[in-house]
>>> print(open('entry-v5.cif').read())   # mmCIF, C-alpha atoms
data_final
loop_
_atom_site.label_atom_id
_atom_site.label_comp_id
_atom_site.auth_asym_id
_atom_site.auth_seq_id
_atom_site.Cartn_x
_atom_site.Cartn_y
_atom_site.Cartn_z
CA MET A 1 -88.37 -17.79 -36.82
CA GLN A 2 -85.78 -18.99 -34.34
CA GLN A 3 -86.50 -18.15 -30.71
CA SER A 4 -84.13 -16.03 -28.66
CA GLU A 5 -81.78 -17.91 -26.36
CA THR A 6 -81.60 -16.72 -22.75
CA GLN A 7 -79.45 -18.31 -20.11
CA GLU A 8 -80.95 -16.57 -17.09
CA LYS A 9 -84.54 -17.71 -17.33
CA ASP A 10 -86.64 -18.47 -14.26
CA VAL A 11 -86.24 -22.15 -15.07
CA PHE A 12 -82.75 -21.87 -13.54
CA ARG A 13 -83.67 -19.53 -10.71
CA VAL A 14 -87.02 -20.83 -9.48
CA ASN A 15 -86.69 -24.15 -7.74
CA GLY A 16 -90.29 -25.29 -8.20
CA LEU A 17 -92.19 -26.56 -11.22
CA PRO A 18 -95.33 -24.46 -11.81
CA TRP A 19 -97.31 -27.35 -13.31
CA LEU A 20 -96.77 -29.59 -10.26
CA THR A 21 -99.80 -28.33 -8.36
CA SER A 22 -101.43 -30.38 -5.62
CA HIS A 23 -104.88 -29.31 -6.83
CA ALA A 24 -105.30 -32.04 -9.45
CA PRO A 25 -107.07 -35.39 -9.96
CA GLU A 26 -105.89 -38.07 -7.49
CA SER A 27 -103.07 -35.75 -6.37
CA ASP A 28 -102.90 -37.34 -2.92
CA VAL A 29 -101.14 -40.27 -4.64
CA VAL A 30 -100.40 -39.21 -8.23
CA ILE A 31 -97.80 -36.46 -8.50
CA SER A 32 -97.85 -36.01 -12.27
CA SER A 33 -98.60 -37.55 -15.67
CA ARG A 34 -96.48 -37.35 -18.80
CA ILE A 35 -96.91 -38.25 -22.46
CA ARG A 36 -93.79 -38.44 -24.64
CA LEU A 37 -93.77 -38.93 -28.40
CA ALA A 38 -90.67 -39.94 -30.37
CA ARG A 39 -90.50 -38.67 -33.95
CA ASN A 40 -87.88 -38.62 -36.72
CA TYR A 41 -87.58 -36.82 -40.04
CA ARG A 42 -87.67 -38.91 -43.18
CA LYS A 43 -84.40 -39.52 -45.08
CA VAL A 44 -82.28 -38.06 -42.24
CA PRO A 45 -79.99 -40.37 -40.22
CA PHE A 46 -80.85 -40.87 -36.56
CA PRO A 47 -78.89 -38.48 -34.29
CA ASN A 48 -76.43 -41.17 -33.17
CA ARG A 49 -75.45 -41.71 -36.83
CA ALA A 50 -75.74 -38.15 -38.14
CA ASP A 51 -72.81 -35.78 -38.63
CA PHE A 52 -72.90 -32.22 -37.33
CA GLU A 53 -74.12 -30.89 -40.65
CA ARG A 54 -77.16 -33.18 -40.54
CA LEU A 55 -77.80 -32.38 -36.88
CA ALA A 56 -77.73 -28.66 -37.68
CA ALA A 57 -80.18 -29.27 -40.52
CA VAL A 58 -82.56 -31.00 -38.09
CA LEU A 59 -82.37 -27.97 -35.81
CA GLN A 60 -83.20 -25.65 -38.67
CA LEU A 61 -86.19 -27.75 -39.69
CA THR A 62 -87.47 -27.85 -36.12
CA ASP A 63 -86.96 -24.13 -35.50
CA GLY A 64 -89.21 -23.37 -38.44
CA VAL A 65 -92.19 -25.15 -36.86
CA ILE A 66 -91.94 -23.63 -33.38
CA PRO A 67 -94.15 -20.56 -34.14
CA LEU A 68 -96.96 -22.93 -35.17
CA VAL A 69 -96.44 -25.01 -32.01
CA GLU A 70 -96.73 -21.86 -29.92
CA GLN A 71 -99.92 -20.99 -31.75
CA VAL A 72 -101.62 -24.34 -31.19
CA THR A 73 -100.54 -24.67 -27.55
CA HIS A 74 -100.98 -21.00 -26.62
CA GLN A 75 -97.59 -21.25 -24.90
CA HIS A 76 -94.35 -19.38 -25.39
CA LEU A 77 -91.39 -21.73 -25.84
CA SER A 78 -87.88 -20.66 -24.87
CA ARG A 79 -84.97 -22.11 -26.82
CA TYR A 80 -82.10 -23.61 -24.82
CA ALA A 81 -79.08 -24.68 -26.85
CA MET A 82 -77.20 -27.16 -24.70
CA ASP A 83 -73.77 -25.97 -25.82
CA HIS A 84 -74.68 -22.40 -24.81
CA LEU A 85 -75.50 -23.39 -21.22
CA THR A 86 -73.14 -23.96 -18.34
CA LYS A 87 -72.75 -27.48 -16.99
CA LEU A 88 -74.67 -26.46 -13.88
CA GLN A 89 -77.56 -25.11 -15.93
CA ARG A 90 -77.71 -28.33 -17.93
CA ASP A 91 -77.69 -30.32 -14.69
CA VAL A 92 -80.58 -28.23 -13.34
CA LEU A 93 -82.65 -29.02 -16.43
CA VAL A 94 -81.85 -32.73 -16.01
CA ASP A 95 -82.82 -32.70 -12.33
CA LYS A 96 -86.08 -30.95 -13.20
CA ARG A 97 -86.75 -33.77 -15.68
CA LEU A 98 -87.04 -31.22 -18.50
CA VAL A 99 -84.14 -32.67 -20.50
CA THR A 100 -82.34 -36.01 -20.46
CA ASN A 101 -78.79 -37.08 -19.72
CA ASN A 102 -78.60 -38.24 -23.31
CA LEU A 103 -79.32 -34.73 -24.61
CA VAL A 104 -76.63 -33.06 -22.50
CA ALA A 105 -73.99 -35.76 -22.97
CA ASN A 106 -73.12 -34.38 -26.42
CA PRO A 107 -74.37 -30.78 -26.27
CA GLN A 108 -73.37 -29.63 -29.77
CA ASP A 109 -76.46 -29.14 -31.96
CA ARG A 110 -78.72 -30.34 -29.13
CA VAL A 111 -81.59 -28.03 -28.20
CA ALA A 112 -84.53 -28.04 -25.81
CA TYR A 113 -87.63 -25.92 -26.27
CA ILE A 114 -89.38 -25.44 -22.92
CA SER A 115 -92.67 -23.68 -22.25
CA ASP A 116 -92.75 -20.94 -19.64
CA ASP A 117 -94.74 -23.14 -17.26
CA THR A 118 -92.38 -26.10 -18.01
CA SER A 119 -95.32 -28.37 -18.88
CA ILE A 120 -94.03 -28.77 -22.45
CA SER A 121 -90.54 -29.67 -23.59
CA LEU A 122 -89.30 -30.50 -27.08
CA LEU A 123 -85.91 -32.19 -27.23
CA VAL A 124 -84.13 -31.93 -30.57
CA ASN A 125 -81.40 -34.41 -31.60
CA GLU A 126 -81.71 -36.54 -28.50
CA GLU A 127 -82.00 -40.28 -29.25
CA ASP A 128 -84.53 -39.28 -31.93
CA HIS A 129 -84.73 -36.10 -33.98
CA LEU A 130 -87.66 -34.90 -31.90
CA ARG A 131 -88.98 -35.88 -28.48
CA ILE A 132 -92.28 -34.20 -27.59
CA ALA A 133 -93.14 -34.24 -23.87
CA SER A 134 -96.32 -32.92 -22.27
CA ARG A 135 -96.81 -32.95 -18.48
CA THR A 136 -99.85 -32.47 -16.29
CA PRO A 137 -100.34 -32.54 -12.52
CA GLY A 138 -102.16 -35.49 -11.01
CA LEU A 139 -103.70 -38.27 -13.07
CA ALA A 140 -104.51 -36.57 -16.37
CA LEU A 141 -102.97 -38.67 -19.13
CA GLU A 142 -105.66 -37.75 -21.66
CA ARG A 143 -105.01 -34.03 -21.24
CA ALA A 144 -101.27 -34.56 -21.57
CA TYR A 145 -101.85 -36.62 -24.72
CA GLU A 146 -104.13 -33.97 -26.21
CA THR A 147 -101.36 -31.39 -25.94
CA ALA A 148 -98.64 -33.73 -27.23
CA SER A 149 -100.85 -34.80 -30.13
CA ALA A 150 -101.56 -31.18 -31.11
CA ILE A 151 -97.81 -30.50 -31.20
CA ASP A 152 -97.25 -33.67 -33.22
CA ASP A 153 -99.93 -32.58 -35.72
CA ALA A 154 -98.19 -29.22 -36.10
CA PHE A 155 -94.90 -30.91 -37.02
CA GLU A 156 -96.56 -33.41 -39.36
CA SER A 157 -98.33 -30.57 -41.18
CA LYS A 158 -94.98 -28.97 -41.99
CA LEU A 159 -92.39 -31.77 -42.13
CA ASP A 160 -92.07 -35.26 -43.56
CA ILE A 161 -92.07 -37.62 -40.56
CA ALA A 162 -90.58 -41.12 -40.86
CA PHE A 163 -93.52 -43.54 -40.86
CA ASP A 164 -94.04 -47.07 -42.15
CA GLU A 165 -97.46 -48.59 -42.82
CA LYS A 166 -96.54 -51.82 -41.01
CA MET A 167 -94.10 -50.63 -38.34
CA GLY A 168 -95.65 -47.29 -37.53
CA TYR A 169 -93.41 -44.37 -36.52
CA LEU A 170 -89.75 -45.23 -37.06
CA THR A 171 -87.54 -44.62 -34.05
CA SER A 172 -83.93 -45.05 -33.07
CA CYS A 173 -84.79 -47.60 -30.37
CA PRO A 174 -86.90 -50.60 -31.49
CA THR A 175 -88.96 -50.53 -28.28
CA ASN A 176 -90.42 -47.18 -29.37
CA LEU A 177 -91.57 -48.42 -32.78
CA GLY A 178 -95.28 -48.13 -33.52
CA THR A 179 -96.91 -45.20 -31.79
CA GLY A 180 -93.61 -43.87 -30.46
CA LEU A 181 -95.58 -43.08 -27.30
CA ARG A 182 -94.39 -43.40 -23.74
CA ALA A 183 -96.99 -42.69 -21.09
CA SER A 184 -95.82 -42.39 -17.50
CA VAL A 185 -97.16 -41.44 -14.10
CA VAL A 186 -95.20 -40.45 -10.97
CA LEU A 187 -96.71 -41.91 -7.80
CA HIS A 188 -96.05 -41.27 -4.10
CA LEU A 189 -96.50 -44.65 -2.40
CA PRO A 190 -95.40 -44.43 1.26
CA GLY A 191 -98.33 -46.58 2.43
CA LEU A 192 -97.37 -49.52 0.22
CA VAL A 193 -93.70 -49.16 1.14
CA PHE A 194 -94.34 -48.94 4.90
CA THR A 195 -96.72 -51.95 4.83
CA ARG A 196 -94.21 -53.86 2.66
CA ASN A 197 -96.66 -54.44 -0.19
CA ILE A 198 -94.76 -52.51 -2.85
CA ALA A 199 -92.99 -55.64 -4.22
CA ASN A 200 -96.35 -57.23 -5.06
CA ILE A 201 -97.43 -54.09 -6.94
CA ILE A 202 -94.20 -54.01 -8.93
CA ASN A 203 -94.47 -57.69 -9.88
CA ILE A 204 -98.11 -57.39 -11.00
CA SER A 205 -97.37 -54.22 -12.98
CA GLN A 206 -94.55 -55.92 -14.86
CA GLN A 207 -96.92 -58.76 -15.80
CA LEU A 208 -99.20 -56.12 -17.33
CA GLY A 209 -96.38 -54.82 -19.52
CA LEU A 210 -95.58 -51.84 -17.32
CA SER A 211 -92.27 -50.64 -15.92
CA VAL A 212 -92.08 -49.51 -12.28
CA ARG A 213 -88.92 -47.69 -11.23
CA GLY A 214 -87.91 -45.31 -8.50
CA LEU A 215 -87.92 -41.67 -9.52
CA TYR A 216 -84.72 -41.15 -7.54
CA GLY A 217 -82.08 -43.56 -6.35
CA ASP A 218 -81.16 -46.70 -8.29
CA ASP A 219 -82.58 -50.16 -8.95
CA LYS A 220 -81.71 -51.25 -5.41
CA GLU A 221 -82.86 -48.13 -3.55
CA VAL A 222 -85.92 -45.94 -3.98
CA VAL A 223 -85.65 -42.53 -2.33
CA GLY A 224 -88.66 -40.58 -1.12
CA ASN A 225 -91.14 -43.37 -1.97
CA LEU A 226 -91.53 -41.86 -5.44
CA PHE A 227 -92.12 -44.24 -8.34
CA ARG A 228 -92.53 -43.80 -12.09
CA VAL A 229 -94.90 -46.25 -13.80
CA SER A 230 -94.80 -46.37 -17.61
CA ASN A 231 -95.66 -48.57 -20.59
CA GLN A 232 -92.89 -50.82 -21.90
CA LEU A 233 -94.20 -51.56 -25.41
CA THR A 234 -95.57 -49.36 -28.17
CA LEU A 235 -95.66 -51.62 -31.23
CA GLY A 236 -99.00 -53.32 -31.83
CA PHE A 237 -100.97 -51.01 -29.55
CA SER A 238 -102.88 -47.84 -30.30
CA GLU A 239 -102.26 -44.65 -28.35
CA GLN A 240 -105.61 -45.01 -26.58
CA GLU A 241 -104.90 -48.63 -25.62
CA ILE A 242 -101.56 -47.65 -24.08
CA ILE A 243 -103.13 -44.82 -22.10
CA ASP A 244 -106.13 -46.90 -20.98
CA ASN A 245 -103.90 -49.78 -19.84
CA LEU A 246 -101.67 -47.50 -17.80
CA LYS A 247 -104.58 -45.56 -16.34
CA SER A 248 -106.35 -48.77 -15.32
CA ALA A 249 -103.24 -50.09 -13.57
CA VAL A 250 -102.56 -46.78 -11.85
CA THR A 251 -106.15 -46.58 -10.63
CA GLU A 252 -105.68 -49.98 -8.98
CA ILE A 253 -102.39 -48.89 -7.41
CA ILE A 254 -104.09 -45.76 -6.04
CA ALA A 255 -106.76 -47.91 -4.39
CA HIS A 256 -104.12 -50.18 -2.82
CA GLU A 257 -102.13 -47.17 -1.57
CA ARG A 258 -105.19 -45.59 0.04
CA ARG A 259 -106.09 -48.87 1.76
CA ALA A 260 -102.54 -49.13 3.07
CA ARG A 261 -102.74 -45.60 4.46
CA LYS A 262 -106.02 -46.41 6.22
CA ALA A 263 -104.47 -49.53 7.72
CA LEU A 264 -101.53 -47.52 9.03
CA ALA A 265 -103.86 -44.93 10.54
CA PHE A 266 -105.99 -47.63 12.19
CA TYR A 267 -103.38 -50.06 13.49
CA MET A 268 -100.44 -47.76 14.30
CA LYS A 269 -101.88 -44.26 14.52
CA GLU A 270 -99.61 -42.97 17.30
CA HIS A 271 -96.46 -44.36 15.68
CA LEU A 272 -97.47 -42.93 12.30
CA GLU A 273 -98.20 -39.47 13.71
CA ASP A 274 -94.97 -39.48 15.71
CA ASP A 275 -93.00 -40.39 12.59
CA ILE A 276 -94.68 -37.66 10.56
CA TRP A 277 -94.25 -34.91 13.15
CA ARG A 278 -90.62 -35.84 13.84
CA ALA A 279 -89.98 -35.54 10.10
CA TYR A 280 -91.75 -32.18 9.95
CA GLY A 281 -89.78 -30.88 12.94
CA THR A 282 -86.48 -31.94 11.40
CA LEU A 283 -87.25 -30.26 8.06
CA ARG A 284 -88.60 -27.15 9.76
CA TYR A 285 -85.65 -26.58 12.07
CA ALA A 286 -82.61 -28.57 10.88
CA ARG A 287 -79.53 -26.59 9.84
CA LEU A 288 -77.86 -29.39 7.85
CA LEU A 289 -79.72 -31.79 5.54
CA THR A 290 -78.55 -34.30 2.94
CA GLU A 291 -80.47 -34.88 -0.26
CA LYS A 292 -81.67 -38.34 0.79
CA GLU A 293 -82.74 -37.01 4.18
CA VAL A 294 -84.91 -34.33 2.60
CA LEU A 295 -86.69 -36.74 0.25
CA ALA A 296 -87.20 -39.40 2.94
CA LEU A 297 -88.43 -36.91 5.54
CA PHE A 298 -90.67 -34.98 3.20
CA SER A 299 -92.29 -38.21 2.03
CA LYS A 300 -93.57 -38.60 5.58
CA VAL A 301 -94.65 -34.97 5.77
CA ARG A 302 -96.44 -35.19 2.43
CA LEU A 303 -98.21 -38.32 3.72
CA GLY A 304 -99.27 -36.36 6.80
CA ILE A 305 -100.56 -33.50 4.64
CA ASP A 306 -102.53 -35.81 2.35
CA MET A 307 -104.01 -37.68 5.34
CA ARG A 308 -104.86 -34.31 6.96
CA LEU A 309 -102.68 -35.05 9.96
CA VAL A 310 -100.49 -32.01 9.22
CA GLU A 311 -102.17 -28.68 8.50
CA GLU A 312 -99.25 -26.38 9.26
CA VAL A 313 -97.91 -26.59 5.71
CA SER A 314 -99.50 -27.00 2.27
CA ALA A 315 -98.67 -29.71 -0.26
CA ASP A 316 -97.94 -26.85 -2.67
CA CYS A 317 -94.44 -26.71 -1.19
CA PHE A 318 -93.65 -30.14 -2.68
CA PRO A 319 -92.09 -28.90 -5.97
CA ASP A 320 -89.90 -26.38 -4.12
CA VAL A 321 -88.70 -29.01 -1.65
CA LEU A 322 -88.17 -31.61 -4.39
CA ILE A 323 -86.02 -29.40 -6.61
CA GLY A 324 -84.47 -27.52 -3.68
CA SER A 325 -82.95 -30.77 -2.44
CA ARG A 326 -80.90 -31.28 -5.62
CA ALA A 327 -77.20 -30.44 -5.51
CA SER A 328 -77.15 -28.99 -9.02
CA TRP A 329 -79.87 -26.47 -8.26
CA LEU A 330 -78.18 -25.43 -5.01
CA GLN A 331 -74.82 -25.03 -6.75
CA ASN A 332 -76.41 -22.98 -9.51
CA LEU A 333 -78.14 -20.85 -6.88
CA ALA A 334 -74.81 -20.24 -5.17
CA GLY A 335 -73.13 -19.63 -8.52
CA THR A 336 -70.37 -22.16 -8.02
CA GLU A 337 -69.67 -25.89 -8.23
CA ASN A 338 -66.97 -25.54 -5.59
CA MET A 339 -69.11 -26.19 -2.54
CA SER A 340 -68.18 -28.49 0.29
CA LYS A 341 -70.66 -31.09 1.50
CA ASN A 342 -71.25 -29.00 4.61
CA GLU A 343 -72.00 -25.90 2.51
CA LEU A 344 -74.43 -27.86 0.35
CA ASP A 345 -76.18 -29.39 3.34
CA LYS A 346 -76.48 -25.97 4.99
CA LEU A 347 -77.94 -24.30 1.89
CA ARG A 348 -80.28 -27.26 1.33
CA ALA A 349 -81.65 -26.99 4.87
CA GLU A 350 -82.14 -23.24 4.43
CA THR A 351 -83.94 -23.79 1.12
CA VAL A 352 -86.28 -26.36 2.66
CA ARG A 353 -87.09 -24.11 5.62
CA THR A 354 -87.88 -21.28 3.21
CA ALA A 355 -90.12 -23.54 1.11
CA LEU A 356 -92.09 -24.72 4.13
CA ALA A 357 -92.56 -21.18 5.41
CA ALA A 358 -93.66 -19.95 1.97
CA HIS A 359 -96.54 -22.43 1.77
CA PRO A 360 -98.49 -22.33 5.04
CA GLY A 361 -101.32 -24.78 5.52
CA ARG A 362 -104.79 -24.14 6.86
CA ALA A 363 -103.73 -24.24 10.52
CA ALA A 364 -100.88 -21.78 9.95
CA ARG A 365 -103.13 -19.37 8.05
CA THR A 366 -105.76 -19.56 10.81
CA ASP A 367 -103.19 -18.79 13.49
CA ALA A 368 -101.97 -15.79 11.48
#
>>> encode(input="entry-v5.cif", output="structure tokens")
Amino acid sequence: MQQSETQEKDVFRVNGLPWLTSHAPESDVVISSRIRLARNYRKVPFPNRADFERLAAVLQLTDGVIPLVEQVTHQHLSRYAMDHLTKLQRDVLVDKRLVTNNLVANPQDRVAYISDDTSISLLVNEEDHLRIASRTPGLALERAYETASAIDDAFESKLDIAFDEKMGYLTSCPTNLGTGLRASVVLHLPGLVFTRNIANIINISQQLGLSVRGLYGDDKEVVGNLFRVSNQLTLGFSEQEIIDNLKSAVTEIIAHERRARKALAFYMKEHLEDDIWRAYGTLRYARLLTEKEVLALFSKVRLGIDMRLVEEVSADCFPDVLIGSRASWLQNLAGTENMSKNELDKLRAETVRTALAAHPGRAARTDA
């Protein structure tokens, strides 16, 4: 049974991500974990070579399995047809990392199924026929894989998935051959950036077959000290080997980040605290903020929260601040793309102030 399509879901109106809680394993450094599986249907051309008739057939096949997926995950999945959404709504989903630029570039016959808590997303007719993504807060790759694997099993029980005994799962991109699995972790690494040790971590990670990229910005600039670490190869490795390798590397990075934070607190405590509190004051009271300013400033505030130097606000505000800084979300909130830079910066500052006030820390709750 095909799910109903609704354009005014909370996913467009709520700026946070419910699964991005700060109460999770290693959450002082690890923001989230994700497992993504690439799958294709046998004897059907890959999406980049399929005509609209074949793409529509893939949608029909996928729709038929969704009730079983909901049953095994105990989650309701809403259906979002990309060509039924506005450009702003598509951009919001991209900025929330729930869909990809590739999915929205050619919206016809492209669909995303997203769970109500946004921890699960199924992308249909992206680079592959099916992309299964499961997200968890903190360092919890095994739990994310358990969910993704259960969804994969549901599809394999109903549909004929393209698989070769030697090559493994067949995928559009050769780098996904084998398991078709991409494991990734988002890390907040201000300590390593401030102590100028991040380059060493990136170089070592690459030698281990891992990719380290900024979550925002480009190859030359990382904004907000947020990094995504993921496996680069899938062929020749089992799912467990990929997860264990990534988890081992991330555990080492966590240890290095915590040592860097201790060094900062020991050798430049006053400077560190001044930096953090200036950032908090700017976010709390500024009337105009750019996107880069918000991410850079909140990185310092989040560091202060995690080091227990700031108790006026809770780390739970992080998702609201992160998404509330994005232009697409602000434009969608205002209901128009025609906003000047000043209007965007004003609404962004207001959104950040609201987010900080909505998540008081221990000190603020005590004062109240």
>>> closest_residue(input="entry-v5.cif", among="A:Ser340, A:Asn101, A:Thr175, A:Thr282", to="Leu235 of chain A", atoms="all atoms listed in the file")
A:Thr175
>>> resolve_selection(input="entry-v5.cif", expression="the PyMOL selection byres ((chain A and resi 178) around 6)", output="PyMOL selection string")
chain A and resi 167-169+177+179-180+234-235
>>> closest_residue(input="entry-v5.cif", among="A:Leu297, A:Val58, A:Cys173, A:Ala144", to="Ile276 of chain A", atoms="only C-alpha atoms")
A:Leu297
>>> residues_around(input="entry-v5.cif", residues="Gln331 of chain A", least_positions_apart="5", cutoff="8 Å", atoms="all atoms listed in the file", output="list of chain:residue names")
A:Leu88, A:Thr336, A:Glu337, A:Asn338, A:Met339, A:Leu344
>>> atom_distance(input="entry-v5.cif", atom1="atom CA of Ala260 of chain A", atom2="atom CA of Gly191 of chain A")
5.0 Å
>>> resolve_selection(input="entry-v5.cif", expression="the PyMOL selection byres ((chain A and resi 327) around 9)", output="compact mmCIF listing (two decimals) with C-alpha atoms, in the coordinates of the input")
# COMPACT_ATOMS: atom_id res chain seq x y z
CA VAL A 92 -80.58 -28.23 -13.34
CA GLU A 291 -80.47 -34.88 -0.26
CA ILE A 323 -86.02 -29.40 -6.61
CA GLY A 324 -84.47 -27.52 -3.68
CA SER A 325 -82.95 -30.77 -2.44
CA ARG A 326 -80.90 -31.28 -5.62
CA SER A 328 -77.15 -28.99 -9.02
CA TRP A 329 -79.87 -26.47 -8.26
CA LEU A 330 -78.18 -25.43 -5.01
CA GLN A 331 -74.82 -25.03 -6.75
CA ASN A 332 -76.41 -22.98 -9.51
CA LEU A 344 -74.43 -27.86 0.35
CA ASP A 345 -76.18 -29.39 3.34
CA ARG A 348 -80.28 -27.26 1.33
>>> resolve_selection(input="entry-v5.cif", expression="the PyMOL selection byres ((chain A and resi 257) around 9)", output="PyMOL selection string")
chain A and resi 29+188-192+252-256+258-262
>>> closest_residue(input="entry-v5.cif", among="A:Val212, A:Val310, A:Ala263, A:Ile31", to="Leu322 of chain A", atoms="all atoms listed in the file")
A:Ile31
>>> closest_residue(input="entry-v5.cif", among="A:Ile204, A:Ile35, A:Val94, A:Ile305", to="Ala148 of chain A", atoms="only C-alpha atoms")
A:Ile35
>>> residues_around(input="entry-v5.cif", residues="Glu311 of chain A", least_positions_apart="5", cutoff="7 Å", atoms="only C-alpha atoms", output="list in words")
Ile305, Gly361, Arg362 and Ala363 of chain A
>>> closest_residue(input="entry-v5.cif", among="A:Leu226, A:Leu215, A:Leu333, A:Leu59", to="Thr351 of chain A", atoms="only C-alpha atoms")
A:Leu333
>>> residues_around(input="entry-v5.cif", residues="segment 49-57 of chain A", least_positions_apart="5", cutoff="9 Å", atoms="all atoms listed in the file", output="ChimeraX atom specification")
/A:44,62,108-110,124-125,129
>>> write_last_selection(input="entry-v5.cif", atoms="C-alpha atoms", output="CSV table (one decimal), in the coordinates of the input")
chain,number,residue,atom,x,y,z
A,44,VAL,CA,-82.3,-38.1,-42.2
A,62,THR,CA,-87.5,-27.8,-36.1
A,108,GLN,CA,-73.4,-29.6,-29.8
A,109,ASP,CA,-76.5,-29.1,-32.0
A,110,ARG,CA,-78.7,-30.3,-29.1
A,124,VAL,CA,-84.1,-31.9,-30.6
A,125,ASN,CA,-81.4,-34.4,-31.6
A,129,HIS,CA,-84.7,-36.1,-34.0
>>> residues_around(input="entry-v5.cif", residues="Leu98 of chain A", least_positions_apart="6", cutoff="12 Å", atoms="all atoms listed in the file", output="VMD selection string")
chain A and resid 11 to 12 17 34 36 80 89 to 92 104 111 to 123 131 to 135
>>> atom_distance(input="entry-v5.cif", atom1="atom CA of Arg182 of chain A", atom2="atom CA of Leu141 of chain A")
10.8 Å
>>> closest_residue(input="entry-v5.cif", among="A:Asp153, A:Glu165, A:Glu241, A:Glu127", to="Pro45 of chain A", atoms="all atoms listed in the file")
A:Glu127
>>> atom_distance(input="entry-v5.cif", atom1="atom CA of Ala81 of chain A", atom2="atom CA of Leu103 of chain A")
10.3 Å
>>> residues_around(input="entry-v5.cif", residues="Glu70 of chain A", least_positions_apart="4", cutoff="10 Å", atoms="only C-alpha atoms", output="ChimeraX atom specification")
/A:65-66,74-77,115,151,154
>>> axis_aligned_box(input="entry-v5.cif", around="segment 110-119 of chain A", padding_each_side="8 Å", output="lines of an AutoDock Vina configuration file")
center_x = -87.0
center_y = -25.6
center_z = -23.2
size_x = 32.6
size_y = 25.4
size_z = 27.9
